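What follows is data16.cif (mmCIF, C-alpha atoms).
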data_query
loop_
_atom_site.label_atom_id
_atom_site.label_comp_id
_atom_site.auth_asym_id
_atom_site.auth_seq_id
_atom_site.Cartn_x
_atom_site.Cartn_y
_atom_site.Cartn_z
CA MET A 1 -2.80 23.64 -9.66
CA SER A 2 0.67 24.69 -10.70
CA LYS A 3 3.77 25.84 -8.93
CA ARG A 4 6.67 27.67 -10.44
CA PHE A 5 10.06 28.33 -8.89
CA GLY A 6 11.77 31.04 -10.89
CA ARG A 7 11.37 29.94 -14.48
CA THR A 8 10.83 26.27 -13.71
CA TRP A 9 7.40 24.79 -13.30
CA ALA A 10 7.72 22.24 -10.53
CA LEU A 11 4.10 21.20 -10.95
CA ARG A 12 1.91 22.01 -13.88
CA ASP A 13 -1.83 21.72 -14.05
CA CYS A 14 -2.05 18.96 -11.49
CA SER A 15 -5.56 18.01 -10.70
CA ILE A 16 -6.23 15.23 -8.23
CA ARG A 17 -8.52 14.33 -5.39
CA VAL A 18 -7.17 12.18 -2.61
CA PRO A 19 -10.09 10.28 -1.12
CA ALA A 20 -10.46 10.67 2.64
CA GLY A 21 -9.53 7.65 4.72
CA LYS A 22 -7.20 6.23 2.11
CA ILE A 23 -3.49 5.69 2.34
CA ALA A 24 -2.24 7.16 -0.92
CA GLY A 25 1.22 6.41 -2.24
CA LEU A 26 3.01 9.12 -4.17
CA VAL A 27 5.62 7.84 -6.63
CA GLY A 28 7.75 9.43 -9.27
CA PRO A 29 11.28 10.28 -10.29
CA ASN A 30 13.29 12.58 -8.07
CA GLY A 31 12.61 16.18 -8.98
CA ALA A 32 9.25 15.24 -10.49
CA GLY A 33 7.33 17.42 -8.05
CA LYS A 34 6.37 15.07 -5.23
CA THR A 35 7.90 17.20 -2.47
CA THR A 36 6.42 20.35 -3.99
CA PHE A 37 3.03 18.66 -4.02
CA LEU A 38 3.32 17.67 -0.36
CA HIS A 39 4.44 21.16 0.62
CA LEU A 40 1.44 22.62 -1.20
CA ALA A 41 -0.86 20.21 0.64
CA ALA A 42 0.70 21.18 3.96
CA GLY A 43 0.22 24.88 3.26
CA LEU A 44 3.95 25.50 3.25
CA LEU A 45 3.75 26.76 -0.33
CA THR A 46 1.12 28.65 -2.29
CA PRO A 47 0.25 27.57 -5.81
CA THR A 48 1.46 29.88 -8.57
CA ALA A 49 -1.72 29.13 -10.42
CA GLY A 50 -4.87 27.27 -9.60
CA GLU A 51 -5.80 26.19 -6.13
CA ILE A 52 -5.35 23.41 -3.66
CA ARG A 53 -8.05 22.49 -1.23
CA VAL A 54 -7.48 20.47 1.89
CA PHE A 55 -10.64 19.54 3.79
CA GLY A 56 -12.49 21.70 1.28
CA ARG A 57 -10.49 24.85 2.03
CA SER A 58 -7.40 26.54 0.68
CA PRO A 59 -4.50 26.04 3.09
CA GLN A 60 -3.38 29.65 2.89
CA SER A 61 -6.78 30.98 3.84
CA GLN A 62 -7.09 28.73 6.84
CA LEU A 63 -3.50 28.17 7.76
CA LEU A 64 -3.89 27.87 11.52
CA LEU A 65 -6.90 25.62 11.23
CA LEU A 66 -5.07 23.50 8.74
CA LEU A 67 -1.92 23.21 10.80
CA ASP A 68 -4.06 21.74 13.55
CA ARG A 69 -5.36 19.02 11.30
CA VAL A 70 -2.37 18.20 9.12
CA GLY A 71 0.72 16.35 10.27
CA PHE A 72 3.85 16.52 8.15
CA VAL A 73 6.97 14.35 8.21
CA ALA A 74 9.42 16.06 5.86
CA GLN A 75 12.21 14.39 3.93
CA ASP A 76 15.14 13.24 6.02
CA THR A 77 12.90 13.68 9.08
CA PRO A 78 14.41 16.99 10.09
CA LEU A 79 14.67 17.36 13.81
CA TYR A 80 17.01 19.54 15.83
CA ALA A 81 20.07 17.38 16.54
CA GLY A 82 20.90 19.32 19.67
CA PHE A 83 17.44 18.98 21.17
CA SER A 84 16.64 16.11 23.46
CA VAL A 85 13.69 13.91 22.60
CA GLY A 86 11.81 15.53 25.45
CA ASP A 87 12.64 18.98 24.03
CA MET A 88 11.23 17.95 20.66
CA LEU A 89 7.97 16.96 22.31
CA GLN A 90 7.88 20.31 24.10
CA PHE A 91 8.46 21.92 20.73
CA GLY A 92 5.48 20.01 19.36
CA ARG A 93 3.36 21.03 22.30
CA LYS A 94 4.22 24.70 21.93
CA LEU A 95 3.61 24.74 18.18
CA ASN A 96 0.31 22.90 18.14
CA ARG A 97 -2.93 24.06 19.64
CA ARG A 98 -4.22 20.53 19.93
CA TRP A 99 -1.54 18.29 21.40
CA ASP A 100 -1.69 14.96 23.19
CA GLN A 101 1.50 14.95 25.27
CA ALA A 102 0.59 11.77 27.12
CA ALA A 103 0.00 9.80 23.94
CA ALA A 104 3.22 11.08 22.35
CA GLU A 105 5.22 10.13 25.45
CA GLU A 106 3.57 6.70 25.65
CA ARG A 107 4.33 6.09 22.00
CA LEU A 108 8.04 6.81 22.48
CA ARG A 109 8.19 4.96 25.79
CA LYS A 110 6.84 1.81 24.10
CA LEU A 111 9.67 2.11 21.59
CA ASP A 112 12.26 2.44 24.37
CA ILE A 113 13.35 5.87 23.14
CA PRO A 114 14.75 7.79 26.11
CA PHE A 115 13.48 11.35 26.54
CA ASP A 116 16.77 12.73 27.72
CA LYS A 117 18.78 11.49 24.75
CA ARG A 118 19.74 14.07 22.16
CA VAL A 119 18.14 13.62 18.80
CA GLY A 120 21.57 13.67 17.12
CA GLN A 121 22.51 10.57 19.09
CA LEU A 122 19.51 8.52 18.04
CA SER A 123 19.65 5.92 15.32
CA GLY A 124 17.98 6.70 11.99
CA GLY A 125 15.08 4.45 12.88
CA GLN A 126 14.59 6.12 16.24
CA ARG A 127 14.70 9.58 14.64
CA SER A 128 12.01 8.54 12.17
CA GLN A 129 9.85 7.34 15.07
CA VAL A 130 10.30 10.66 16.90
CA ALA A 131 9.36 12.55 13.74
CA LEU A 132 6.29 10.36 13.39
CA ALA A 133 5.37 10.87 17.04
CA LEU A 134 5.61 14.63 16.53
CA ALA A 135 3.31 14.50 13.51
CA LEU A 136 0.84 12.20 15.29
CA GLY A 137 0.85 14.21 18.53
CA LYS A 138 -1.83 16.51 17.20
CA HIS A 139 -4.05 13.60 16.08
CA PRO A 140 -4.03 14.85 12.50
CA GLU A 141 -6.81 14.10 10.04
CA LEU A 142 -4.31 14.27 7.20
CA LEU A 143 -0.81 12.91 7.48
CA LEU A 144 1.78 13.80 4.86
CA LEU A 145 5.05 11.90 4.71
CA ASP A 146 7.89 12.72 2.34
CA GLU A 147 10.07 9.65 1.90
CA PRO A 148 10.22 9.01 5.66
CA VAL A 149 12.02 5.67 5.41
CA ALA A 150 14.37 6.35 2.51
CA ARG A 151 17.56 5.81 4.46
CA LEU A 152 16.44 3.24 6.98
CA ASP A 153 17.48 -0.40 7.25
CA PRO A 154 14.78 -2.99 6.54
CA LEU A 155 13.88 -3.53 10.20
CA ALA A 156 13.62 0.17 11.00
CA ARG A 157 11.52 0.61 7.86
CA ARG A 158 9.21 -2.21 8.88
CA GLU A 159 8.86 -0.80 12.41
CA PHE A 160 8.02 2.63 11.02
CA MET A 161 5.34 1.16 8.76
CA GLN A 162 3.94 -0.88 11.64
CA ARG A 163 3.58 2.23 13.79
CA LEU A 164 2.15 4.22 10.89
CA THR A 165 -0.52 1.67 9.98
CA GLU A 166 -1.32 1.14 13.65
CA ALA A 167 -1.92 4.88 14.04
CA VAL A 168 -4.12 4.90 10.95
CA ALA A 169 -6.14 1.97 12.32
CA ASP A 170 -6.67 4.00 15.49
CA GLU A 171 -7.36 7.42 14.03
CA GLY A 172 -8.71 6.80 10.54
CA SER A 173 -6.50 9.56 9.16
CA THR A 174 -5.97 10.09 5.46
CA VAL A 175 -2.34 9.56 4.50
CA LEU A 176 -0.26 10.77 1.60
CA LEU A 177 3.06 8.97 1.58
CA SER A 178 5.78 9.54 -0.96
CA SER A 179 8.28 6.73 -1.33
CA HIS A 180 10.50 4.82 -3.70
CA VAL A 181 10.07 1.61 -1.74
CA MET A 182 7.50 -0.24 -3.79
CA ALA A 183 7.30 -3.10 -1.31
CA ASP A 184 6.04 -0.73 1.39
CA LEU A 185 3.61 1.03 -0.94
CA GLU A 186 2.23 -2.28 -2.05
CA ARG A 187 1.52 -3.42 1.50
CA VAL A 188 0.17 -0.24 2.89
CA CYS A 189 -1.42 1.91 0.16
CA ASP A 190 -4.84 1.58 -1.40
CA TYR A 191 -4.50 4.63 -3.65
CA LEU A 192 -1.71 5.53 -6.04
CA ILE A 193 -0.52 8.82 -7.53
CA ILE A 194 2.33 8.89 -10.05
CA ILE A 195 3.90 12.30 -10.68
CA THR A 196 6.35 12.64 -13.56
CA ALA A 197 7.89 15.86 -14.83
CA GLY A 198 5.57 18.06 -12.82
CA GLN A 199 2.38 16.37 -13.96
CA VAL A 200 0.07 13.76 -12.53
CA GLN A 201 0.39 10.73 -14.74
CA VAL A 202 -1.75 8.31 -12.79
CA ALA A 203 -4.20 8.70 -9.92
CA GLY A 204 -6.49 5.94 -8.78
CA ASP A 205 -7.55 3.19 -6.48
CA ILE A 206 -4.84 0.53 -6.54
CA GLU A 207 -7.28 -2.33 -6.88
CA VAL A 208 -8.95 -0.65 -9.85
CA LEU A 209 -5.58 0.11 -11.45
CA LEU A 210 -4.44 -3.49 -11.10
CA ALA A 211 -7.70 -4.85 -12.48
CA SER A 212 -7.66 -2.54 -15.49
CA HIS A 213 -4.04 -2.91 -16.61
CA HIS A 214 -2.73 -5.92 -18.48
CA LEU A 215 0.45 -7.21 -20.05
CA LEU A 216 -0.08 -9.13 -23.25
CA ILE A 217 2.64 -11.14 -24.97
CA GLY A 218 2.38 -12.52 -28.46
CA PRO A 219 3.95 -12.85 -31.89
CA ARG A 220 5.59 -9.76 -33.38
CA LEU A 221 2.99 -7.23 -34.46
CA ASN A 222 3.03 -5.20 -37.61
CA ARG A 223 4.13 -1.64 -37.29
CA ASP A 224 0.63 -0.43 -38.12
CA ALA A 225 -1.30 -3.00 -36.11
CA ARG A 226 -4.06 -1.33 -34.12
CA LEU A 227 -5.71 -2.29 -30.87
CA ASN A 228 -9.41 -1.58 -30.59
CA GLY A 229 -11.13 -0.60 -27.41
CA VAL A 230 -8.03 -0.50 -25.22
CA GLU A 231 -5.47 2.14 -24.52
CA LEU A 232 -1.89 1.21 -25.29
CA ILE A 233 0.44 2.42 -22.55
CA LYS A 234 3.61 0.93 -23.90
CA ALA A 235 4.80 -1.54 -26.51
CA GLN A 236 8.06 -3.39 -26.77
CA HIS A 237 9.13 -5.53 -29.67
CA THR A 238 11.82 -8.09 -30.32
CA GLU A 239 12.39 -9.75 -33.66
CA ARG A 240 9.81 -12.44 -32.90
CA GLN A 241 7.69 -11.14 -30.08
CA SER A 242 5.61 -8.13 -29.00
CA SER A 243 4.83 -7.11 -25.44
CA LEU A 244 1.92 -4.74 -24.94
CA TRP A 245 0.99 -2.93 -21.77
CA ILE A 246 -2.65 -1.94 -22.05
CA ARG A 247 -5.38 -0.34 -20.02
CA GLY A 248 -8.94 -1.57 -20.45
CA THR A 249 -10.65 -4.92 -20.83
CA VAL A 250 -8.53 -7.64 -22.40
CA PRO A 251 -9.84 -8.23 -25.93
CA PRO A 252 -10.29 -11.78 -27.23
CA LEU A 253 -6.74 -12.98 -27.77
CA GLY A 254 -5.60 -14.40 -31.07
CA ALA A 255 -3.40 -17.43 -31.51
CA GLY A 256 -0.08 -17.22 -29.70
CA TRP A 257 -1.21 -14.42 -27.36
CA ARG A 258 -1.28 -14.76 -23.60
CA GLU A 259 -1.59 -12.52 -20.58
CA GLU A 260 1.20 -12.25 -18.02
CA PRO A 261 0.76 -10.97 -14.47
CA LEU A 262 1.32 -7.25 -13.93
CA PRO A 263 2.01 -6.53 -10.26
CA LEU A 264 2.00 -3.01 -8.87
CA GLU A 265 5.72 -2.40 -9.10
CA GLU A 266 5.72 -3.37 -12.76
CA LEU A 267 2.72 -1.17 -13.41
CA VAL A 268 4.49 1.79 -11.84
CA ILE A 269 7.69 1.12 -13.77
CA THR A 270 5.72 0.85 -17.00
CA TYR A 271 4.25 4.31 -16.50
CA LEU A 272 7.53 5.82 -15.37
CA SER A 273 9.15 4.50 -18.54
CA ALA A 274 6.33 5.84 -20.73
CA PRO A 275 5.91 9.43 -19.57
CA ALA A 276 3.56 10.35 -22.39
CA ALA A 277 0.94 7.88 -21.16
CA GLY A 278 -1.38 8.46 -18.26
CA THR A 279 -4.72 7.61 -16.74
CA LEU A 280 -5.71 11.25 -16.74
CA PRO A 281 -6.02 13.52 -19.75
CA ARG A 282 -2.89 15.64 -19.93
CA PRO A 283 -3.44 19.32 -20.59
CA GLU A 284 -1.56 21.03 -23.39
CA LEU A 285 1.83 22.22 -22.22
CA GLU A 286 2.22 25.89 -22.98
CA GLU A 287 5.62 27.52 -23.08
CA ALA A 288 6.31 28.91 -19.62
CA ALA A 289 6.34 32.66 -19.77
CA SER A 290 9.80 33.97 -19.00
CA MET B 1 -2.96 -11.20 23.73
CA ALA B 2 -3.86 -12.21 20.18
CA LEU B 3 -4.56 -15.92 19.71
CA ILE B 4 -2.96 -16.18 16.31
CA ALA B 5 -0.48 -14.13 14.30
CA PHE B 6 -0.63 -13.44 10.59
CA HIS B 7 2.22 -13.56 8.10
CA VAL B 8 2.01 -12.32 4.54
CA ASP B 9 4.03 -13.25 1.50
CA PRO B 10 4.50 -10.32 -0.88
CA ASN B 11 5.69 -12.66 -3.64
CA SER B 12 2.91 -15.19 -3.68
CA GLY B 13 0.80 -13.33 -6.21
CA VAL B 14 -2.16 -13.79 -3.89
CA SER B 15 -3.86 -10.64 -2.55
CA TYR B 16 -3.06 -9.89 1.07
CA TYR B 17 -6.69 -10.03 2.17
CA VAL B 18 -7.02 -13.50 0.63
CA GLN B 19 -3.85 -14.62 2.43
CA LEU B 20 -5.30 -13.46 5.74
CA MET B 21 -8.55 -15.33 5.05
CA GLN B 22 -6.64 -18.50 4.16
CA GLN B 23 -4.71 -18.27 7.42
CA VAL B 24 -7.91 -17.95 9.44
CA ARG B 25 -9.34 -21.00 7.64
CA GLN B 26 -6.12 -22.94 8.32
CA ALA B 27 -6.23 -21.98 11.98
CA LEU B 28 -9.82 -23.24 12.17
CA LEU B 29 -8.91 -26.43 10.33
CA PHE B 30 -6.12 -27.26 12.73
CA GLY B 31 -8.10 -26.33 15.80
CA LEU B 32 -5.92 -23.31 16.64
CA LEU B 33 -9.08 -21.22 16.59
CA LYS B 34 -12.31 -22.52 18.03
CA SER B 35 -15.88 -21.28 18.13
CA GLY B 36 -16.18 -18.14 20.16
CA ASP B 37 -12.47 -17.29 20.01
CA GLN B 38 -11.65 -13.68 19.24
CA LEU B 39 -9.62 -12.88 16.15
CA PRO B 40 -6.82 -10.34 16.56
CA THR B 41 -8.13 -6.78 16.29
CA VAL B 42 -7.42 -4.85 13.10
CA LYS B 43 -5.02 -2.68 15.07
CA GLU B 44 -3.19 -5.73 16.43
CA VAL B 45 -2.84 -7.23 12.97
CA VAL B 46 -1.46 -4.12 11.27
CA ALA B 47 0.83 -3.36 14.22
CA GLN B 48 2.41 -6.73 13.52
CA VAL B 49 2.20 -7.03 9.74
CA ALA B 50 2.22 -3.40 8.52
CA LEU B 51 -0.74 -3.63 6.16
CA ASN B 52 -3.47 -1.16 5.29
CA PRO B 53 -6.18 -1.53 7.95
CA ASN B 54 -8.77 -1.79 5.16
CA THR B 55 -7.09 -4.98 3.98
CA VAL B 56 -7.75 -6.62 7.33
CA LEU B 57 -11.27 -5.22 7.49
CA ARG B 58 -12.00 -6.68 4.10
CA ALA B 59 -10.69 -10.12 5.06
CA TYR B 60 -12.80 -10.13 8.22
CA ARG B 61 -15.85 -8.92 6.32
CA ASP B 62 -15.52 -11.62 3.67
CA LEU B 63 -15.02 -14.26 6.36
CA GLU B 64 -18.22 -13.02 7.96
CA HIS B 65 -20.05 -13.41 4.63
CA GLU B 66 -18.81 -16.98 4.54
CA GLY B 67 -20.26 -17.54 7.97
CA LEU B 68 -16.93 -18.30 9.61
CA VAL B 69 -16.72 -15.26 11.85
CA VAL B 70 -19.05 -12.75 13.45
CA SER B 71 -18.26 -9.11 14.03
CA ARG B 72 -19.61 -7.57 17.22
CA PRO B 73 -19.38 -3.78 17.02
CA GLY B 74 -17.29 -2.37 19.82
CA LEU B 75 -16.19 -5.84 20.93
CA GLY B 76 -14.28 -7.39 18.08
CA THR B 77 -14.47 -10.21 15.56
CA PHE B 78 -15.16 -13.72 16.80
CA VAL B 79 -15.19 -17.21 15.34
CA ALA B 80 -18.80 -18.17 14.64
CA GLN B 81 -20.52 -20.69 16.88
CA LYS B 82 -21.01 -23.23 14.13
CA VAL B 83 -17.87 -23.82 12.12
CA PRO B 84 -16.75 -26.82 10.09
CA PRO B 85 -14.98 -29.16 12.52
CA ALA B 86 -11.21 -29.29 12.53
CA VAL B 87 -9.59 -32.03 10.45
CA ALA B 88 -8.82 -35.08 12.59
CA GLN B 89 -5.11 -35.69 13.11
CA SER B 90 -5.40 -39.22 11.73
CA SER B 91 -7.07 -38.07 8.50
CA TYR B 92 -4.45 -35.40 8.10
CA ARG B 93 -1.63 -37.92 8.63
CA SER B 94 -2.97 -40.47 6.15
CA LEU B 95 -3.63 -37.79 3.51
CA ARG B 96 -0.10 -36.58 3.97
CA SER B 97 1.45 -40.08 3.46
CA GLU B 98 -0.66 -40.57 0.35
CA LEU B 99 0.59 -37.26 -0.96
CA GLU B 100 4.20 -38.20 -0.24
CA ARG B 101 3.67 -41.46 -2.17
CA TRP B 102 2.13 -39.60 -5.09
CA ILE B 103 5.00 -37.11 -5.18
CA ARG B 104 7.51 -39.98 -5.30
CA LYS B 105 5.62 -41.50 -8.24
CA ALA B 106 5.53 -38.16 -10.03
CA HIS B 107 9.28 -37.70 -9.58
CA GLU B 108 9.91 -41.22 -10.88
CA ALA B 109 7.79 -40.38 -13.92
CA GLY B 110 10.08 -37.43 -14.58
CA LEU B 111 8.06 -34.45 -13.29
CA ASP B 112 10.08 -31.73 -11.61
CA ASP B 113 8.70 -29.84 -8.61
CA ASP B 114 7.52 -26.82 -10.58
CA THR B 115 5.59 -28.96 -13.07
CA LEU B 116 4.15 -30.94 -10.19
CA ALA B 117 2.95 -27.81 -8.41
CA ALA B 118 1.47 -26.46 -11.64
CA LEU B 119 -0.42 -29.73 -12.15
CA VAL B 120 -1.90 -29.56 -8.66
CA ALA B 121 -2.89 -25.92 -9.12
CA HIS B 122 -4.47 -26.74 -12.47
CA VAL B 123 -6.58 -29.58 -11.12
CA LEU B 124 -7.64 -27.56 -8.07
CA HIS B 125 -8.64 -24.70 -10.32
CA ALA B 126 -10.62 -27.07 -12.54
CA LYS B 127 -12.34 -28.45 -9.43
CA THR B 128 -13.32 -24.96 -8.30
CA GLU B 129 -14.76 -24.20 -11.73
CA GLU B 130 -16.83 -27.38 -11.51
CA VAL B 131 -18.22 -26.34 -8.15
CA VAL B 132 -19.00 -22.85 -9.39
CA ALA B 133 -20.58 -24.15 -12.63
#

Reformat the file's structure so that it appears as structure tokens.
Amino acid sequence: MSKRFGRTWALRDCSIRVPAGKIAGLVGPNGAGKTTFLHLAAGLLTPTAGEIRVFGRSPQSQLLLLLDRVGFVAQDTPLYAGFSVGDMLQFGRKLNRRWDQAAAEERLRKLDIPFDKRVGQLSGGQRSQVALALALGKHPELLLLDEPVARLDPLARREFMQRLTEAVADEGSTVLLSSHVMADLERVCDYLIIITAGQVQVAGDIEVLLASHHLLIGPRLNRDARLNGVELIKAQHTERQSSLWIRGTVPPLGAGWREEPLPLEELVITYLSAPAAGTLPRPELEEAAS
Amino acid sequence: MALIAFHVDPNSGVSYYVQLMQQVRQALLFGLLKSGDQLPTVKEVVAQVALNPNTVLRAYRDLEHEGLVVSRPGLGTFVAQKVPPAVAQSSYRSLRSELERWIRKAHEAGLDDDTLAALVAHVLHAKTEEVVA
């Protein structure tokens, strides 16, 4: 699906399936289209072209049904500063057909967040927990989070992730979580989506991605050296040495060649620094009609 | 209340589920977990360690394949009735002094800690390959 704002395509020909029950991490440069993607999934936006299906249906055609089943924590966890925590829960109750007030209250009580305190007076970490409680109050099947911990200190971030994974363990919800914090994504996600310049560059099971990508180091290659049977994501050369990031099975290595570990963060950075590469075939980019 | 707590090291290069399994084996070895004891629930583990629940499930499942634990649907995961006995304190102590002696010798021979650790890892790895082959 594609989404255009004015003359700019925020997302172009994105085609992905997020497997149910997975915690998918969404990574990419700012402005790449992650927020647009999440808003499309939540039914807050309609695609300009193509379609998005959530639970097998288009959000716009089943908006009320979808709102019941999808929880959304938007960027900067927007809450009404003047509302009390209790007011926010009321807000959640009024807006959602299915709402578990008792569970939401219990959740916040366990975190020692007072109901009569105004949201504007809470710490960043507490606000993020209230936003999460609001999203979880409807027991959503799909939980979308747009950089929910971006501005939190390490402890508040950890506590948010603890509560998030705990809720997933309880409910079995599918999660789509956009973040720049690779450490969190690495702990918590089992599926990865990289969006760069409005296109999906990578989408896959993290374990499969890690098993299929390799970093090979060896003596400087000729300009026209070719690799057979593997896809070259990126190459870097010094005077004496070549580093190759490949996808596929490692071929028999010649003299002087070795494999170095390629952890998730490095894999992500490799793709971000090589925008022309991808695990999915990229469609031809047409000129956007003016 | 959970009997043991898990801790993961993001920088060890070892998969999280393997780290969890190693910690269960260690707990068994040192008698912190005994036959019939209940392992922390998946929910308890992730609430503490912030991991994907599937990571914990996988560790528990693999431990079950090894015969160390048994999963009882609706009840939890429990240490199996027959597990390798815990290492005796005396054996542990004497192995440790031997190791300290060996480390001193290695240092005197000029090995630094990193080289030392790499040597141990290499020999262990070779041992595993022998067992597998």

Residues within 7 Å of stretch 217-220 of chain A, only C-alpha atoms, excluding chain neighbours under 5 positions, as JSON, numbers by chain: {"A": [237, 239, 240, 241, 242, 243, 244, 256, 257, 258, 259]}

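The coordinates place atom CA of B:Gly67 at 7.9 Å from atom CA of B:Val83.
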
Residues of chain B within 6 Å of chain A, using only C-alpha atoms, as an MDAnalysis selection string? chainID B and resid 43 46:47 50:53

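Taking all atoms listed in the file into account, A:Ala277 lies nearest to A:Ala235 out of the set A:Ala41, A:Ala225, A:Ala235, A:Leu264.
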
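Residues surrounding A:Gly33 within 7 Å are Ala10, Leu11, Thr36, Phe37, Ile195, Ala197 and Gly198 of chain A [all atoms listed in the file; sequence separation below 3 positions excluded].
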
Here atom CA of B:Leu68 and atom CA of B:Val8 stand apart by 20.5 Å

Shortest contact to B:Leu20, candidates B:Ala109, B:Ala117, B:Val87, B:Val42, atoms counted only C-alpha atoms, goes to B:Val42

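The space between atom CA of A:Met1 and atom CA of A:Ala49 spans 5.6 Å.
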
Quick one: residues within 9 Å of stretch 140-148 of chain A, only C-alpha atoms counted, chain neighbours fewer than 6 positions away excluded, as a count of residues only? 38
